[in-house]
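The data block below is query.tsv; it holds TSV, C-alpha atoms.
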chain	number	residue	atom	x	y	z
A	1	MET	CA	-1.69	-46.30	60.97
A	2	ASN	CA	-0.66	-47.31	57.42
A	3	ARG	CA	-4.29	-47.27	56.33
A	4	LEU	CA	-4.75	-43.74	57.67
A	5	ARG	CA	-1.56	-42.64	55.92
A	6	GLY	CA	-2.96	-44.07	52.68
A	7	TRP	CA	-6.09	-41.97	53.05
A	8	LYS	CA	-3.97	-38.86	53.64
A	9	TYR	CA	-1.71	-39.32	50.65
A	10	GLY	CA	-4.62	-40.42	48.51
A	11	ALA	CA	-6.44	-37.17	49.29
A	12	ALA	CA	-3.34	-35.18	48.37
A	13	ALA	CA	-2.84	-37.10	45.12
A	14	SER	CA	-6.48	-36.68	44.14
A	15	ILE	CA	-5.91	-32.95	43.67
A	16	ALA	CA	-4.43	-33.90	40.31
A	17	VAL	CA	-7.94	-34.67	39.02
A	18	PRO	CA	-9.45	-31.16	39.29
A	19	SER	CA	-6.10	-29.66	38.31
A	20	VAL	CA	-6.17	-31.54	35.00
A	21	ALA	CA	-9.84	-30.65	34.56
A	22	ALA	CA	-9.08	-26.96	35.13
A	23	TRP	CA	-6.23	-27.10	32.61
A	24	MET	CA	-8.31	-28.88	29.99
A	25	GLY	CA	-11.21	-26.53	30.62
A	26	GLY	CA	-9.10	-23.56	29.73
A	27	GLY	CA	-9.48	-21.94	33.14
A	28	SER	CA	-13.28	-21.70	33.06
A	29	SER	CA	-15.12	-20.57	36.20
A	30	ALA	CA	-16.65	-24.03	36.71
A	31	SER	CA	-13.30	-25.82	36.53
A	32	GLN	CA	-11.69	-23.29	38.87
A	33	LEU	CA	-14.55	-23.65	41.35
A	34	LEU	CA	-14.21	-27.44	41.18
A	35	LEU	CA	-10.49	-27.11	41.89
A	36	VAL	CA	-11.05	-24.87	44.92
A	37	VAL	CA	-13.73	-27.14	46.39
A	38	TRP	CA	-11.66	-30.26	45.75
A	39	VAL	CA	-8.54	-28.78	47.35
A	40	ALA	CA	-10.58	-27.71	50.39
A	41	ALA	CA	-12.03	-31.22	50.72
A	42	ALA	CA	-8.60	-32.83	50.36
A	43	ALA	CA	-7.18	-30.46	52.98
A	44	THR	CA	-10.04	-31.36	55.34
A	45	VAL	CA	-9.29	-35.08	54.91
A	46	TRP	CA	-5.55	-34.45	55.44
A	47	ILE	CA	-6.13	-32.50	58.66
A	48	ALA	CA	-8.61	-35.07	60.00
A	49	VAL	CA	-6.20	-37.93	59.32
A	50	GLU	CA	-3.30	-35.97	60.89
A	51	ARG	CA	-5.33	-35.50	64.07
A	52	LYS	CA	-6.26	-39.17	64.12
A	53	GLU	CA	-2.62	-40.24	63.69
A	54	GLN	CA	-1.53	-37.84	66.43
A	55	ALA	CA	-4.16	-39.25	68.79
A	56	GLN	CA	-2.96	-42.80	68.03
A	57	ARG	CA	0.68	-41.86	68.62
A	58	LEU	CA	-0.25	-40.26	71.93
A	59	GLU	CA	-2.23	-43.34	72.95
A	60	GLN	CA	0.72	-45.60	72.09
A	61	ALA	CA	3.13	-43.38	74.02
A	62	LEU	CA	0.86	-43.45	77.08
A	63	LEU	CA	0.52	-47.23	76.83
A	64	SER	CA	4.29	-47.63	76.60
A	65	ALA	CA	4.78	-45.34	79.62
A	66	ARG	CA	2.24	-47.32	81.65
A	67	GLN	CA	3.91	-50.61	80.73
A	68	THR	CA	7.33	-49.24	81.68
A	69	SER	CA	6.00	-47.94	84.99
A	70	LEU	CA	4.40	-51.31	85.71
A	71	ARG	CA	7.68	-53.14	85.00
A	72	ILE	CA	9.54	-50.76	87.31
A	73	LEU	CA	7.00	-51.23	90.11
A	74	ASN	CA	7.08	-55.02	89.77
A	75	HIS	CA	10.88	-55.06	89.72
A	76	HIS	CA	11.14	-52.81	92.77
A	77	ARG	CA	8.52	-54.86	94.62
A	78	HIS	CA	10.54	-58.01	93.89
A	79	ASP	CA	13.77	-56.35	95.08
A	80	TRP	CA	12.23	-55.08	98.31
A	81	MET	CA	10.66	-58.47	99.01
A	82	ASN	CA	14.10	-60.06	98.66
A	83	GLU	CA	15.61	-57.49	101.04
A	84	LEU	CA	12.86	-58.11	103.61
A	85	GLN	CA	13.28	-61.88	103.36
A	86	VAL	CA	17.03	-61.52	104.00
A	87	LEU	CA	16.33	-59.22	106.96
A	88	TYR	CA	13.73	-61.60	108.35
A	89	GLY	CA	16.19	-64.47	108.02
A	90	TYR	CA	18.85	-62.64	110.01
A	91	ILE	CA	16.32	-61.75	112.71
A	92	ARG	CA	15.17	-65.37	113.02
A	93	LEU	CA	18.77	-66.60	113.16
A	94	GLN	CA	19.44	-63.98	115.85
A	95	LYS	CA	22.39	-62.40	114.03
A	96	PRO	CA	22.30	-58.78	115.22
A	97	ASP	CA	25.42	-57.68	113.30
A	98	LYS	CA	24.04	-58.98	109.98
A	99	THR	CA	20.63	-57.50	110.82
A	100	VAL	CA	22.12	-54.05	111.37
A	101	GLN	CA	24.11	-54.27	108.12
A	102	CYS	CA	20.98	-55.28	106.21
A	103	VAL	CA	18.95	-52.41	107.70
A	104	GLU	CA	21.70	-49.94	106.85
A	105	ARG	CA	21.84	-51.24	103.28
A	106	ILE	CA	18.07	-50.83	102.93
A	107	ARG	CA	18.27	-47.33	104.41
A	108	ASP	CA	21.05	-46.28	102.03
A	109	ARG	CA	19.16	-47.61	99.05
A	110	MET	CA	15.96	-45.79	100.05
A	111	MET	CA	17.89	-42.54	100.48
A	112	MET	CA	19.52	-42.89	97.05
A	113	GLU	CA	16.20	-43.61	95.32
A	114	SER	CA	14.72	-40.59	97.06
A	115	ARG	CA	17.58	-38.41	95.81
A	116	ILE	CA	17.12	-39.71	92.26
A	117	ALA	CA	13.42	-38.81	92.40
A	118	LYS	CA	14.32	-35.31	93.62
A	119	LEU	CA	16.26	-34.63	90.42
A	120	ASN	CA	12.80	-33.57	89.19
A	121	GLU	CA	13.53	-34.36	85.53
A	122	PRO	CA	10.91	-37.03	84.73
A	123	GLY	CA	12.67	-38.61	81.75
A	124	LEU	CA	16.00	-38.92	83.54
A	125	VAL	CA	14.42	-40.16	86.78
A	126	LEU	CA	12.38	-42.80	84.93
A	127	TYR	CA	15.43	-44.00	83.01
A	128	LEU	CA	17.64	-44.32	86.10
A	129	GLN	CA	14.90	-46.06	88.08
A	130	SER	CA	14.15	-48.47	85.24
A	131	PHE	CA	17.73	-49.29	84.21
A	132	ARG	CA	17.82	-52.55	86.14
A	133	THR	CA	14.59	-53.68	84.51
A	134	VAL	CA	15.94	-53.30	80.95
A	135	SER	CA	19.65	-54.08	81.35
A	136	LYS	CA	20.98	-57.53	82.14
A	137	ALA	CA	24.45	-57.10	80.62
A	138	LEU	CA	25.40	-53.96	82.55
A	139	GLN	CA	24.71	-52.94	86.13
A	140	LEU	CA	24.25	-49.29	87.05
A	141	GLU	CA	25.29	-47.82	90.39
A	142	VAL	CA	24.16	-44.26	91.09
A	143	LEU	CA	25.98	-42.00	93.54
A	144	LEU	CA	24.10	-38.77	94.06
A	145	GLU	CA	24.74	-35.92	96.44
A	146	GLU	CA	21.69	-34.64	98.27
A	147	GLU	CA	21.87	-31.09	96.96
A	148	VAL	CA	21.91	-31.92	93.22
A	149	ASN	CA	19.04	-30.14	91.44
A	150	TRP	CA	19.06	-31.11	87.77
A	151	MET	CA	16.34	-28.58	86.95
A	152	ALA	CA	18.73	-25.78	87.96
A	153	LEU	CA	20.33	-26.36	84.55
A	154	GLY	CA	17.48	-24.29	83.15
A	155	SER	CA	15.30	-24.60	80.06
A	156	ASP	CA	17.40	-27.34	78.44
A	157	ALA	CA	17.57	-29.52	81.56
A	158	ALA	CA	15.37	-32.10	79.83
A	159	ALA	CA	17.60	-32.09	76.74
A	160	LEU	CA	20.71	-32.59	78.89
A	161	GLY	CA	18.92	-35.44	80.65
A	162	VAL	CA	18.34	-37.05	77.25
A	163	ARG	CA	22.05	-36.68	76.40
A	164	LEU	CA	22.98	-38.41	79.65
A	165	THR	CA	20.60	-41.32	79.02
A	166	GLU	CA	22.00	-41.64	75.48
A	167	LEU	CA	25.51	-41.89	76.93
A	168	LEU	CA	24.42	-44.65	79.31
A	169	GLU	CA	22.69	-46.44	76.44
A	170	ALA	CA	25.87	-46.23	74.38
A	171	PHE	CA	27.78	-47.96	77.19
A	172	ARG	CA	25.03	-50.53	77.68
A	173	LEU	CA	25.10	-51.46	73.99
A	174	GLY	CA	28.89	-51.28	73.73
A	175	ILE	CA	29.71	-53.60	76.62
A	176	LYS	CA	31.34	-56.91	75.77
A	177	PRO	CA	29.14	-59.83	76.84
A	178	GLY	CA	30.75	-62.56	78.84
A	179	ALA	CA	30.40	-65.02	81.66
A	180	GLY	CA	30.76	-64.22	85.34
A	181	ASP	CA	29.71	-61.07	87.11
A	182	ALA	CA	28.05	-58.44	84.95
A	183	PRO	CA	30.10	-55.33	84.17
A	184	ARG	CA	29.25	-52.27	86.25
A	185	ILE	CA	29.06	-48.59	85.44
A	186	GLN	CA	29.04	-46.00	88.21
A	187	LEU	CA	27.22	-42.73	87.64
A	188	GLU	CA	28.05	-39.94	90.07
A	189	LEU	CA	26.24	-36.60	90.03
A	190	SER	CA	27.43	-33.62	92.06
A	191	GLN	CA	26.68	-29.91	92.15
A	192	TYR	CA	29.05	-27.18	93.27
A	193	GLU	CA	30.24	-23.66	92.37
A	194	GLY	CA	27.57	-23.10	89.75
A	195	ILE	CA	27.97	-26.37	87.85
A	196	VAL	CA	26.58	-29.89	87.73
A	197	GLU	CA	29.26	-32.52	87.26
A	198	VAL	CA	28.60	-35.94	85.76
A	199	SER	CA	31.10	-38.76	86.20
A	200	LEU	CA	30.86	-42.15	84.51
A	201	GLU	CA	33.28	-44.91	85.51
A	202	LEU	CA	33.14	-48.32	83.85
A	203	ASP	CA	34.31	-51.56	85.39
A	204	GLY	CA	34.12	-53.95	82.47
A	205	GLU	CA	35.33	-54.71	78.95
A	206	LEU	CA	34.07	-52.98	75.82
A	207	GLN	CA	33.55	-54.44	72.37
A	208	ASP	CA	35.06	-51.42	70.58
A	209	ALA	CA	36.38	-48.49	72.64
A	210	PRO	CA	37.11	-46.18	69.64
A	211	ALA	CA	33.58	-46.73	68.28
A	212	LEU	CA	32.12	-45.94	71.69
A	213	GLU	CA	34.22	-42.76	71.88
A	214	ARG	CA	32.89	-41.63	68.50
A	215	ARG	CA	29.35	-42.31	69.64
A	216	CYS	CA	29.86	-40.35	72.87
A	217	GLN	CA	31.32	-37.42	70.94
A	218	GLU	CA	28.24	-37.45	68.69
A	219	VAL	CA	25.91	-37.46	71.70
A	220	LEU	CA	27.72	-34.56	73.35
A	221	ALA	CA	28.08	-32.44	70.23
A	222	ASP	CA	26.21	-29.11	70.35
A	223	SER	CA	25.27	-29.60	74.00
A	224	ARG	CA	26.09	-27.57	77.11
A	225	PHE	CA	28.10	-30.47	78.48
A	226	ARG	CA	31.83	-29.76	78.57
A	227	ILE	CA	34.17	-32.75	78.53
A	228	VAL	CA	36.56	-32.48	81.47
A	229	ARG	CA	38.02	-35.96	81.15
A	230	LEU	CA	37.73	-38.72	78.58
A	231	THR	CA	40.14	-41.66	78.80
A	232	PRO	CA	41.21	-43.51	75.64
A	233	GLU	CA	40.04	-46.77	77.22
A	234	MET	CA	36.58	-45.21	77.68
A	235	ASP	CA	36.48	-46.35	81.29
A	236	CYS	CA	35.99	-42.81	82.62
A	237	ILE	CA	34.11	-39.74	81.42
A	238	VAL	CA	33.71	-36.53	83.41
A	239	LEU	CA	31.36	-33.82	82.16
A	240	GLN	CA	30.33	-30.44	83.48
A	241	ALA	CA	27.41	-28.14	82.67
A	242	GLU	CA	26.90	-24.67	84.07
A	243	LEU	CA	23.74	-23.89	86.00
A	244	ALA	CA	21.27	-21.46	84.47
A	245	ALA	CA	21.82	-17.83	85.36
A	246	GLY	CA	19.57	-16.39	88.09

Would you put the structure from the file into structure tokens?
Amino acid sequence: MNRLRGWKYGAAASIAVPSVAAWMGGGSSASQLLLVVWVAAAATVWIAVERKEQAQRLEQALLSARQTSLRILNHHRHDWMNELQVLYGYIRLQKPDKTVQCVERIRDRMMMESRIAKLNEPGLVLYLQSFRTVSKALQLEVLLEEEVNWMALGSDAAALGVRLTELLEAFRLGIKPGAGDAPRIQLELSQYEGIVEVSLELDGELQDAPALERRCQEVLADSRFRIVRLTPEMDCIVLQAELAAG
């Protein structure tokens, strides 16, 4: 990438050569023609390098997306294998009460993952599904009502999804590391009376609550999210965004 950028800037800088020649030539037809041809050639090199860099960036983005998807699949496969092993153990030990509880837990988890997928905002869905694969210091619990349709927020649904993931990242990076059980943040999404409501509740200790509040205010600035509640301890945030008209 750096080599390609060198070619691009080198082509742009080389325009100085015919420019000086045109100036020293007193604006003769030959020097002006040289300048035009040189500029056209430099522009061609610039455009070709831009396209090459764009293709490389796209290839890197696709590779990163594939690697993330693979990590998510492997993590989910591992989790489901653990659940099945626990269920199999209860069946072999002939513990019907524990077996029923395990089946219900698996059912509830499958329903919640299905509801997350039905948000239909790819970036937000991928982030929520992959959170456990990237975060060891903070656990995420998602509570999602069945009727929530994130895309009903309209044309900036994707942008609002990015704001939400940035908020979760701010909490993930702001949590105070320590021994014992990992801190937990609960994300609840609900939809009613023409709005989508987002609630974040933290069970854990922060490194710097005022700094986290400033970061959250920055993330929410100039967005359609309206702050309904924000505690000084930063253990609870409630946001609302109106659904798109029509």

Gap from atom CA of Ile195 of chain A to atom CA of Gln240 of chain A - Å, one decimal: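 A separation of 6.4 Å between them.
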
Given only C-alpha atoms as the counted atoms, nearest of A:Glu145, A:Glu113, A:Met234, A:Ala159 to Asp222 of chain A: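 Smallest distance to Asp222 of chain A is found for A:Ala159.
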
Tell me, in Å to one decimal, how far atom CA of Arg172 of chain A is from atom CA of Glu188 of chain A.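 Computing it gives 16.6 Å between the two atoms.
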
Give me the residues near Phe171 of chain A as a compact mmCIF listing (two decimals) with C-alpha atoms, in the coordinates of the input, where near means some atom within 10 Å (using all atoms listed in the file) and where sequence neighbours in that chain fewer than 3 positions away do not count.
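Output (result-v9.txt):
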# COMPACT_ATOMS: atom_id res chain seq x y z
CA LEU A 138 25.40 -53.96 82.55
CA THR A 165 20.60 -41.32 79.02
CA GLU A 166 22.00 -41.64 75.48
CA LEU A 167 25.51 -41.89 76.93
CA LEU A 168 24.42 -44.65 79.31
CA GLY A 174 28.89 -51.28 73.73
CA ILE A 175 29.71 -53.60 76.62
CA LYS A 176 31.34 -56.91 75.77
CA ILE A 185 29.06 -48.59 85.44
CA LEU A 200 30.86 -42.15 84.51
CA LEU A 202 33.14 -48.32 83.85
CA LEU A 206 34.07 -52.98 75.82
CA GLN A 207 33.55 -54.44 72.37
CA ALA A 209 36.38 -48.49 72.64
CA LEU A 212 32.12 -45.94 71.69
CA GLU A 213 34.22 -42.76 71.88
CA ARG A 215 29.35 -42.31 69.64
CA CYS A 216 29.86 -40.35 72.87
CA MET A 234 36.58 -45.21 77.68
CA ASP A 235 36.48 -46.35 81.29

A:Leu63, A:Ala48, A:Met110, A:Ala41: which is nearest Trp80 of chain A, counting all atoms listed in the file?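 Closest to Trp80 of chain A, using all atoms listed in the file: A:Met110.
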
So which one's closest to Ile237 of chain A, A:Leu70, A:Leu164, A:Leu87, A:Val134? Using only C-alpha atoms, please.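 Among the listed residues, A:Leu164 lies closest to Ile237 of chain A.
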
Atomic separation - atom CA of Ala117 of chain A relative to atom CA of Glu83 of chain A, Å: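 Going from atom CA of Glu83 of chain A over to atom CA of Ala117 of chain A covers 20.7 Å.
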
Can you work out which one of A:Arg184, A:Lys118, A:Arg107, A:Arg226 has the shortest atom-to-atom distance to Glu197 of chain A, counting all atoms listed in the file?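 So, comparing all the options, the nearest one is A:Arg226.
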
Counting only C-alpha atoms, the option among A:Asp181, A:Gly89, A:Gln54, A:Arg163 closest to Leu239 of chain A: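 Closest to Leu239 of chain A of all the choices is A:Arg163.
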
Between A:Ser155, A:Ser223, A:Ser130, A:Ser190, which is the closest to Ile72 of chain A once you count only C-alpha atoms?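 Distance minimum relative to Ile72 of chain A lands on A:Ser130.
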
Expected residue set, 10 Å radius at (15.2, -35.0, 87.0), all atoms listed in the file, as a list in words: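 Protein and nucleic acid residues near the point are Arg115, Ile116, Ala117, Lys118, Leu119, Asn120, Glu121, Pro122, Gly123, Leu124, Val125, Leu126, Tyr127, Leu128, Val148, Asn149, Trp150, Met151, Ala152, Ala157, Ala158 and Gly161 of chain A.
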
Residues at most 9 Å from Leu160 of chain A, counting all atoms listed in the file, excluding those fewer than 6 positions away in the same chain, as a PyMOL selection string? chain A and resi 153+223-225+241
